[in-house]
file target.pdb (PDB, C-alpha atoms, pLDDT in the B column)
ATOM      1  CA  MET R 174       0.111  43.166 -20.879  1.00 47.00           C
ATOM      2  CA  VAL R 175       0.388  40.667 -18.043  1.00 58.00           C
ATOM      3  CA  ASN R 176      -2.679  38.641 -17.224  1.00 71.00           C
ATOM      4  CA  GLU R 177      -2.835  38.250 -13.436  1.00 75.00           C
ATOM      5  CA  GLU R 178      -4.939  35.091 -13.546  1.00 73.00           C
ATOM      6  CA  LYS R 179      -2.484  33.385 -15.894  1.00 72.00           C
ATOM      7  CA  LEU R 180       0.434  34.490 -13.727  1.00 73.00           C
ATOM      8  CA  ARG R 181      -1.230  33.146 -10.557  1.00 75.00           C
ATOM      9  CA  ILE R 182      -1.877  29.773 -12.198  1.00 74.00           C
ATOM     10  CA  MET R 183       1.691  29.569 -13.480  1.00 76.00           C
ATOM     11  CA  VAL R 184       3.110  30.419 -10.029  1.00 75.00           C
ATOM     12  CA  ASN R 185       0.960  27.696  -8.448  1.00 72.00           C
ATOM     13  CA  LEU R 186       2.117  25.173 -11.043  1.00 71.00           C
ATOM     14  CA  ALA R 187       5.752  26.125 -10.503  1.00 74.00           C
ATOM     15  CA  LYS R 188       5.264  25.704  -6.758  1.00 71.00           C
ATOM     16  CA  TYR R 189       4.012  22.152  -7.292  1.00 65.00           C
ATOM     17  CA  GLU R 190       6.919  21.348  -9.566  1.00 69.00           C
ATOM     18  CA  GLN R 191       9.590  22.352  -7.031  1.00 69.00           C
ATOM     19  CA  GLU R 192      11.811  19.603  -5.604  1.00 59.00           C
ATOM     20  CA  PRO R 193       9.938  18.024  -2.620  1.00 64.00           C
ATOM     21  CA  LEU R 194       6.564  18.280  -4.296  1.00 63.00           C
ATOM     22  CA  HIS R 195       7.979  17.114  -7.614  1.00 61.00           C
ATOM     23  CA  THR R 196       9.098  13.790  -6.111  1.00 66.00           C
ATOM     24  CA  GLU R 197       5.740  13.426  -4.375  1.00 68.00           C
ATOM     25  CA  LEU R 198       3.967  14.030  -7.670  1.00 62.00           C
ATOM     26  CA  LYS R 199       6.012  11.195  -9.199  1.00 67.00           C
ATOM     27  CA  GLU R 200       4.993   8.913  -6.316  1.00 71.00           C
ATOM     28  CA  ALA R 201       1.348   9.867  -6.820  1.00 69.00           C
ATOM     29  CA  GLY R 202       1.342   7.878 -10.063  1.00 73.00           C
ATOM     30  CA  TYR R 203       1.423   4.574  -8.175  1.00 78.00           C
ATOM     31  CA  TYR R 204      -1.637   2.636  -7.158  1.00 84.00           C
ATOM     32  CA  ARG R 205      -2.260   2.817  -3.418  1.00 85.00           C
ATOM     33  CA  ILE R 206      -1.514  -0.847  -2.782  1.00 89.00           C
ATOM     34  CA  ASP R 207       1.722  -0.749  -4.795  1.00 89.00           C
ATOM     35  CA  TYR R 208       2.890   2.402  -3.011  1.00 88.00           C
ATOM     36  CA  ILE R 209       2.244   0.924   0.426  1.00 91.00           C
ATOM     37  CA  ARG R 210       3.644  -2.492  -0.524  1.00 93.00           C
ATOM     38  CA  SER R 211       6.927  -1.056  -1.799  1.00 90.00           C
ATOM     39  CA  HIS R 212       7.466   0.959   1.373  1.00 92.00           C
ATOM     40  CA  LEU R 213       6.398  -2.009   3.496  1.00 96.00           C
ATOM     41  CA  LEU R 214       8.992  -4.242   1.839  1.00 96.00           C
ATOM     42  CA  VAL R 215      11.726  -1.666   2.376  1.00 95.00           C
ATOM     43  CA  THR R 216      10.752  -1.233   6.023  1.00 95.00           C
ATOM     44  CA  LEU R 217      10.565  -4.954   6.747  1.00 96.00           C
ATOM     45  CA  TRP R 218      13.852  -5.636   4.975  1.00 97.00           C
ATOM     46  CA  SER R 219      15.596  -2.845   6.884  1.00 97.00           C
ATOM     47  CA  TYR R 220      14.150  -4.029  10.184  1.00 96.00           C
ATOM     48  CA  SER R 221      15.198  -7.634   9.506  1.00 96.00           C
ATOM     49  CA  VAL R 222      18.769  -6.668   8.700  1.00 97.00           C
ATOM     50  CA  ALA R 223      18.967  -4.401  11.748  1.00 97.00           C
ATOM     51  CA  TYR R 224      17.538  -7.103  14.025  1.00 97.00           C
ATOM     52  CA  VAL R 225      20.028  -9.708  12.813  1.00 96.00           C
ATOM     53  CA  LEU R 226      22.917  -7.272  13.287  1.00 97.00           C
ATOM     54  CA  VAL R 227      21.800  -6.330  16.807  1.00 96.00           C
ATOM     55  CA  LEU R 228      21.291  -9.994  17.676  1.00 94.00           C
ATOM     56  CA  LEU R 229      24.783 -10.756  16.379  1.00 94.00           C
ATOM     57  CA  LEU R 230      26.272  -7.918  18.442  1.00 95.00           C
ATOM     58  CA  VAL R 231      24.519  -9.118  21.592  1.00 91.00           C
ATOM     59  CA  ALA R 232      25.704 -12.675  20.952  1.00 87.00           C
ATOM     60  CA  LEU R 233      29.280 -11.469  20.431  1.00 90.00           C
ATOM     61  CA  TYR R 234      29.118  -9.355  23.586  1.00 92.00           C
ATOM     62  CA  HIS R 235      27.986 -12.379  25.635  1.00 86.00           C
ATOM     63  CA  PHE R 236      30.077 -14.880  23.665  1.00 85.00           C
ATOM     64  CA  GLU R 237      32.096 -16.139  26.635  1.00 86.00           C
ATOM     65  CA  TYR R 238      28.980 -16.669  28.712  1.00 82.00           C
ATOM     66  CA  LEU R 239      27.256 -18.474  25.836  1.00 78.00           C
ATOM     67  CA  LEU R 240      30.182 -20.852  25.401  1.00 79.00           C
ATOM     68  CA  SER R 241      30.668 -21.644  29.076  1.00 82.00           C
ATOM     69  CA  LYS R 242      27.196 -21.654  30.644  1.00 78.00           C
ATOM     70  CA  VAL R 243      24.585 -22.281  27.936  1.00 75.00           C
ATOM     71  CA  ARG R 244      23.856 -25.848  26.892  1.00 80.00           C
ATOM     72  CA  LEU R 245      22.464 -26.987  23.550  1.00 75.00           C
ATOM     73  CA  PRO R 246      18.780 -27.255  24.655  1.00 75.00           C
ATOM     74  CA  ASP R 247      19.034 -23.735  26.083  1.00 79.00           C
ATOM     75  CA  ILE R 248      20.184 -22.398  22.719  1.00 81.00           C
ATOM     76  CA  GLY R 249      16.966 -23.678  21.144  1.00 83.00           C
ATOM     77  CA  SER R 250      14.821 -21.872  23.706  1.00 87.00           C
ATOM     78  CA  LEU R 251      16.910 -18.704  23.216  1.00 85.00           C
ATOM     79  CA  ALA R 252      16.417 -18.945  19.460  1.00 87.00           C
ATOM     80  CA  ILE R 253      12.654 -19.422  19.863  1.00 93.00           C
ATOM     81  CA  GLY R 254      12.515 -16.406  22.186  1.00 93.00           C
ATOM     82  CA  ALA R 255      14.523 -14.290  19.747  1.00 93.00           C
ATOM     83  CA  LEU R 256      12.252 -15.384  16.895  1.00 95.00           C
ATOM     84  CA  ALA R 257       9.132 -14.544  18.912  1.00 97.00           C
ATOM     85  CA  VAL R 258      10.464 -11.064  19.691  1.00 96.00           C
ATOM     86  CA  TYR R 259      11.425 -10.622  16.022  1.00 96.00           C
ATOM     87  CA  LEU R 260       7.944 -11.573  14.787  1.00 97.00           C
ATOM     88  CA  LEU R 261       6.193  -9.422  17.374  1.00 97.00           C
ATOM     89  CA  ILE R 262       8.199  -6.333  16.473  1.00 96.00           C
ATOM     90  CA  LEU R 263       7.890  -7.192  12.767  1.00 96.00           C
ATOM     91  CA  LEU R 264       4.093  -7.160  13.016  1.00 97.00           C
ATOM     92  CA  GLY R 265       4.218  -3.833  14.833  1.00 96.00           C
ATOM     93  CA  CYS R 266       6.497  -2.373  12.166  1.00 95.00           C
ATOM     94  CA  ALA R 267       4.211  -3.633   9.414  1.00 96.00           C
ATOM     95  CA  PHE R 268       1.127  -2.190  11.101  1.00 97.00           C
ATOM     96  CA  PHE R 269       2.639   1.256  11.619  1.00 97.00           C
ATOM     97  CA  THR R 270       4.191   1.281   8.144  1.00 96.00           C
ATOM     98  CA  VAL R 271       0.803   0.647   6.553  1.00 96.00           C
ATOM     99  CA  LEU R 272      -0.786   3.391   8.669  1.00 97.00           C
ATOM    100  CA  ILE R 273       1.924   5.951   7.985  1.00 95.00           C
ATOM    101  CA  TYR R 274       2.208   5.339   4.244  1.00 93.00           C
ATOM    102  CA  SER R 275      -1.573   5.186   3.780  1.00 93.00           C
ATOM    103  CA  ALA R 276      -1.830   8.652   5.310  1.00 93.00           C
ATOM    104  CA  LYS R 277       1.105   9.866   3.227  1.00 89.00           C
ATOM    105  CA  TYR R 278      -0.445   8.432   0.061  1.00 89.00           C
ATOM    106  CA  HIS R 279      -3.719  10.239   0.708  1.00 89.00           C
ATOM    107  CA  ARG R 280      -1.857  13.497   1.356  1.00 86.00           C
ATOM    108  CA  ILE R 281       0.101  13.076  -1.886  1.00 84.00           C
ATOM    109  CA  GLN R 282      -3.078  12.319  -3.814  1.00 84.00           C
ATOM    110  CA  SER R 283      -4.746  15.496  -2.534  1.00 83.00           C
ATOM    111  CA  LYS R 284      -1.713  17.498  -3.673  1.00 80.00           C
ATOM    112  CA  ARG R 285      -1.862  15.728  -7.027  1.00 80.00           C
ATOM    113  CA  ARG R 286      -5.541  16.606  -7.414  1.00 82.00           C
ATOM    114  CA  ALA R 287      -4.778  20.256  -6.664  1.00 80.00           C
ATOM    115  CA  TYR R 288      -1.951  20.194  -9.215  1.00 78.00           C
ATOM    116  CA  LEU R 289      -4.195  18.651 -11.866  1.00 81.00           C
ATOM    117  CA  THR R 290      -6.864  21.250 -11.101  1.00 84.00           C
ATOM    118  CA  GLU R 291      -4.328  24.013 -11.731  1.00 80.00           C
ATOM    119  CA  LEU R 292      -3.266  22.315 -14.971  1.00 79.00           C
ATOM    120  CA  LYS R 293      -6.889  22.149 -16.068  1.00 85.00           C
ATOM    121  CA  LYS R 294      -7.312  25.864 -15.313  1.00 82.00           C
ATOM    122  CA  MET R 295      -4.237  26.631 -17.405  1.00 80.00           C
ATOM    123  CA  GLU R 296      -5.556  24.512 -20.261  1.00 84.00           C
ATOM    124  CA  LEU R 297      -8.914  26.303 -20.131  1.00 83.00           C
ATOM    125  CA  PHE R 298      -7.123  29.635 -20.080  1.00 79.00           C
ATOM    126  CA  TYR R 299      -5.176  28.741 -23.229  1.00 78.00           C
ATOM    127  CA  GLU R 300      -8.309  27.441 -24.958  1.00 81.00           C
ATOM    128  CA  GLN R 301     -10.138  30.681 -24.185  1.00 78.00           C
ATOM    129  CA  SER R 302      -7.212  32.766 -25.446  1.00 75.00           C
ATOM    130  CA  ARG R 303      -7.137  30.705 -28.682  1.00 76.00           C
ATOM    131  CA  GLU R 304     -10.859  31.233 -29.181  1.00 74.00           C
ATOM    132  CA  VAL R 305     -10.474  34.975 -28.640  1.00 70.00           C
ATOM    133  CA  GLY R 306      -7.528  35.009 -31.071  1.00 68.00           C
ATOM    134  CA  ASN R 307      -9.524  33.152 -33.746  1.00 65.00           C
ATOM    135  CA  GLU R 308     -12.463  35.548 -33.610  1.00 61.00           C
TER     136      GLU R 308
END
call {"tool": "encode", "arguments": {"input": "target.pdb", "output": "structure tokens"}}
result
Amino acid sequence: MVNEEKLRIMVNLAKYEQEPLHTELKEAGYYRIDYIRSHLLVTLWSYSVAYVLVLLLVALYHFEYLLSKVRLPDIGSLAIGALAVYLLILLGCAFFTVLIYSAKYHRIQSKRRAYLTELKKMELFYEQSREVGNE
């Protein structure tokens, strides 16, 4: 005989253990600060590499102009301007990364709590069935 309550719990558990939720459940094991910090480092590293590559492409595109018209003191002011833009965008990226991954962490934690609740229900179900079997 099939117990509908047990089947419902097992279906819910299987749903949580499917691929996208399974990876989120693994990520839910991190502390909040570690989760956000790891994603922040990846974001800032990716942004830094992309910024340097774009800056290099712009410099190569305007290479002839830079060699013929720009003097050495002007290069310093260009570098300071590029650094200021880099830092400004870097702060914006950091701010939005913290916001986005904080929200994602809280969403993952709520899913984790629901999963653990279903596990607890299953455990209680098995304990009750053992008690009934022992009587």
call {"tool": "closest_residue", "arguments": {"input": "target.pdb", "among": "R:Ala267, R:Leu292, R:Ala232, R:Arg286", "to": "R:Ile248", "atoms": "only C-alpha atoms"}}
result
R:Ala232
call {"tool": "residues_around", "arguments": {"input": "target.pdb", "residues": "R:Ala255", "least_positions_apart": "3", "cutoff": "12 Å", "atoms": "all atoms listed in the file", "output": "ChimeraX atom specification"}}
result
/R:224-225,227-229,231-232,248-252,258-263
call {"tool": "closest_residue", "arguments": {"input": "target.pdb", "among": "R:Val215, R:Leu289, R:Ile209, R:Leu297", "to": "R:Lys277", "atoms": "all atoms listed in the file"}}
result
R:Ile209
call {"tool": "closest_residue", "arguments": {"input": "target.pdb", "among": "R:Ser241, R:Asn185, R:Asn176, R:Ser275", "to": "R:His212", "atoms": "all atoms listed in the file"}}
result
R:Ser275
call {"tool": "atom_distance", "arguments": {"input": "target.pdb", "atom1": "atom CA of R:Arg285", "atom2": "atom CA of R:Gly202"}}
result
9.0 Å
call {"tool": "atom_distance", "arguments": {"input": "target.pdb", "atom1": "atom CA of R:Leu239", "atom2": "atom CA of R:Leu256"}}
result
17.7 Å
call {"tool": "atom_distance", "arguments": {"input": "target.pdb", "atom1": "atom CA of R:Lys294", "atom2": "atom CA of R:Lys179"}}
result
9.0 Å
call {"tool": "residues_around", "arguments": {"input": "target.pdb", "residues": "stretch 204-208 of chain R", "least_positions_apart": "2", "cutoff": "12 Å", "atoms": "all atoms listed in the file", "output": "JSON, numbers by chain"}}
result
{"R": [197, 199, 200, 201, 202, 210, 211, 212, 213, 214, 215, 270, 271, 273, 274, 275, 276, 277, 278, 279, 280, 281, 282]}
call {"tool": "closest_residue", "arguments": {"input": "target.pdb", "among": "R:Ala287, R:Val243, R:Leu230, R:Met295", "to": "R:Arg181", "atoms": "all atoms listed in the file"}}
result
R:Met295
